[in-house]
Amino acid sequence: MSADAIESEVPHRCVVCGCKDLWRQKDFPTGLGLLIVGLAIVLSSVAIAWFRPVLALGILMGFALLDMLLFMLMKDRLVCYRCHARYRNTGALTDHGGFKLELNERYRQESLRLQSANQDLNPESTSRSPQING
Ligand SMILES: [Zn+2]
């Protein structure tokens, strides 16, 4: 870890691997988010099955309001594209953008190439995790 990786409580590169590409995401458990969406689908479907379309719309609007409130209240965190290290409580994150699929794909391909190269160098190794040298 280098001392200049963090400036004014905001990491501008990953402290674990040194990668400069970090992205911002909501600090909210994905499983809980999927559970909320699934609950909205089930409850509104039940209301439709009972021929209560106004109730179904009310349920969907209520969950949309809940989603909006969670989006506004939850803090952001930074995630490293290369090693997926997460940084919470990091102050202002305005200099980091959202998730970019092409950048993520570049690091995924890099990880696969490193994994393949490691298997070529050490064929007896059964390790599936990529080795990051740096
Ligand atoms: Zn990293």
# chains A, B, ... in the order shown; residues from 1 in each chain; ligands from 1
>>> residues_near_ligand(ligand="ligand 1", cutoff="12 Å", atoms="only C-alpha atoms and all ligand atoms", output="NGL selection string")
:A and (1 or 5 or 11-23 or 78-87 or 107 or 132-134)
>>> select_by_dssp(residues="range 12-103 of chain A", states="helix (DSSP H, G or I)", output="PyMOL selection string")
chain A and resi 30-49+53-73+101-103
>>> residues_around(residues="Thr94 in chain A", least_positions_apart="2", cutoff="10 Å", atoms="only C-alpha atoms", output="list in words")
Val10, Arg24, Gly91, Ala92, His96 and Gly97 of chain A
>>> residues_around(residues="range 34-37 of chain A", least_positions_apart="2", cutoff="10 Å", atoms="only C-alpha atoms", output="PyMOL selection string")
chain A and resi 29-32+39-42+60+63-64+66-67
>>> write_last_selection(atoms="N, CA and C atoms", output="tab-separated table (two decimals), in the first residue's frame")
chain	number	residue	atom	x	y	z
A	29	PRO	N	-27.26	-4.15	0.31
A	29	PRO	CA	-27.13	-5.56	-0.04
A	29	PRO	C	-28.00	-5.93	-1.25
A	30	THR	N	-27.38	-6.52	-2.24
A	30	THR	CA	-28.08	-6.88	-3.47
A	30	THR	C	-29.20	-7.87	-3.22
A	31	GLY	N	-28.97	-8.83	-2.35
A	31	GLY	CA	-29.99	-9.83	-2.04
A	31	GLY	C	-31.25	-9.20	-1.45
A	32	LEU	N	-31.07	-8.22	-0.58
A	32	LEU	CA	-32.22	-7.54	0.01
A	32	LEU	C	-32.98	-6.75	-1.05
A	39	LEU	N	-40.92	-9.27	-3.70
A	39	LEU	CA	-42.10	-9.06	-2.86
A	39	LEU	C	-43.11	-8.16	-3.57
A	40	ALA	N	-42.62	-7.11	-4.22
A	40	ALA	CA	-43.52	-6.21	-4.97
A	40	ALA	C	-44.22	-6.96	-6.09
A	41	ILE	N	-43.49	-7.81	-6.80
A	41	ILE	CA	-44.08	-8.59	-7.90
A	41	ILE	C	-45.15	-9.54	-7.37
A	42	VAL	N	-44.83	-10.26	-6.30
A	42	VAL	CA	-45.78	-11.24	-5.77
A	42	VAL	C	-47.03	-10.56	-5.24
A	60	LEU	N	-47.43	-1.31	-6.21
A	60	LEU	CA	-46.26	-0.99	-7.04
A	60	LEU	C	-45.76	0.43	-6.77
A	63	PHE	N	-43.88	0.46	-3.43
A	63	PHE	CA	-42.53	-0.08	-3.53
A	63	PHE	C	-41.62	0.85	-4.32
A	64	ALA	N	-42.18	1.55	-5.31
A	64	ALA	CA	-41.36	2.53	-6.05
A	64	ALA	C	-40.93	3.67	-5.12
A	66	LEU	N	-40.58	3.40	-1.83
A	66	LEU	CA	-39.57	2.81	-0.95
A	66	LEU	C	-38.21	2.76	-1.65
A	67	ASP	N	-38.22	2.37	-2.92
A	67	ASP	CA	-36.98	2.30	-3.70
A	67	ASP	C	-36.33	3.68	-3.81
>>> select_by_dssp(residues="range 9-63 of chain A", states="strand (DSSP E)", output="ChimeraX atom specification")
/A:10-11,22-26
>>> write_last_selection(atoms="N, CA and C atoms", output="PDB file, in the first residue's frame")
ATOM      1  N   VAL A  10     -10.642   9.907   0.552  1.00  0.00           N
ATOM      2  CA  VAL A  10     -11.196   9.311  -0.658  1.00  0.00           C
ATOM      3  C   VAL A  10     -10.073   8.581  -1.391  1.00  0.00           C
ATOM      4  N   PRO A  11     -10.167   7.261  -1.512  1.00  0.00           N
ATOM      5  CA  PRO A  11      -9.129   6.561  -2.269  1.00  0.00           C
ATOM      6  C   PRO A  11      -9.233   6.891  -3.753  1.00  0.00           C
ATOM      7  N   LEU A  22     -11.849   2.712 -10.218  1.00  0.00           N
ATOM      8  CA  LEU A  22     -12.818   2.401  -9.171  1.00  0.00           C
ATOM      9  C   LEU A  22     -14.180   2.886  -9.640  1.00  0.00           C
ATOM     10  N   TRP A  23     -15.229   2.210  -9.215  1.00  0.00           N
ATOM     11  CA  TRP A  23     -16.569   2.662  -9.570  1.00  0.00           C
ATOM     12  C   TRP A  23     -17.419   2.795  -8.326  1.00  0.00           C
ATOM     13  N   ARG A  24     -18.458   3.590  -8.475  1.00  0.00           N
ATOM     14  CA  ARG A  24     -19.306   3.946  -7.355  1.00  0.00           C
ATOM     15  C   ARG A  24     -20.598   3.137  -7.411  1.00  0.00           C
ATOM     16  N   GLN A  25     -21.018   2.607  -6.265  1.00  0.00           N
ATOM     17  CA  GLN A  25     -22.298   1.913  -6.216  1.00  0.00           C
ATOM     18  C   GLN A  25     -22.943   2.186  -4.868  1.00  0.00           C
ATOM     19  N   LYS A  26     -24.242   1.952  -4.784  1.00  0.00           N
ATOM     20  CA  LYS A  26     -24.950   2.137  -3.529  1.00  0.00           C
ATOM     21  C   LYS A  26     -24.531   1.056  -2.550  1.00  0.00           C
TER      22      LYS A  26
END
>>> closest_residue(among="A:Ala56, A:Asp27, A:Leu101, A:Asp76", to="Ser44 in chain A", atoms="only C-alpha atoms")
A:Ala56
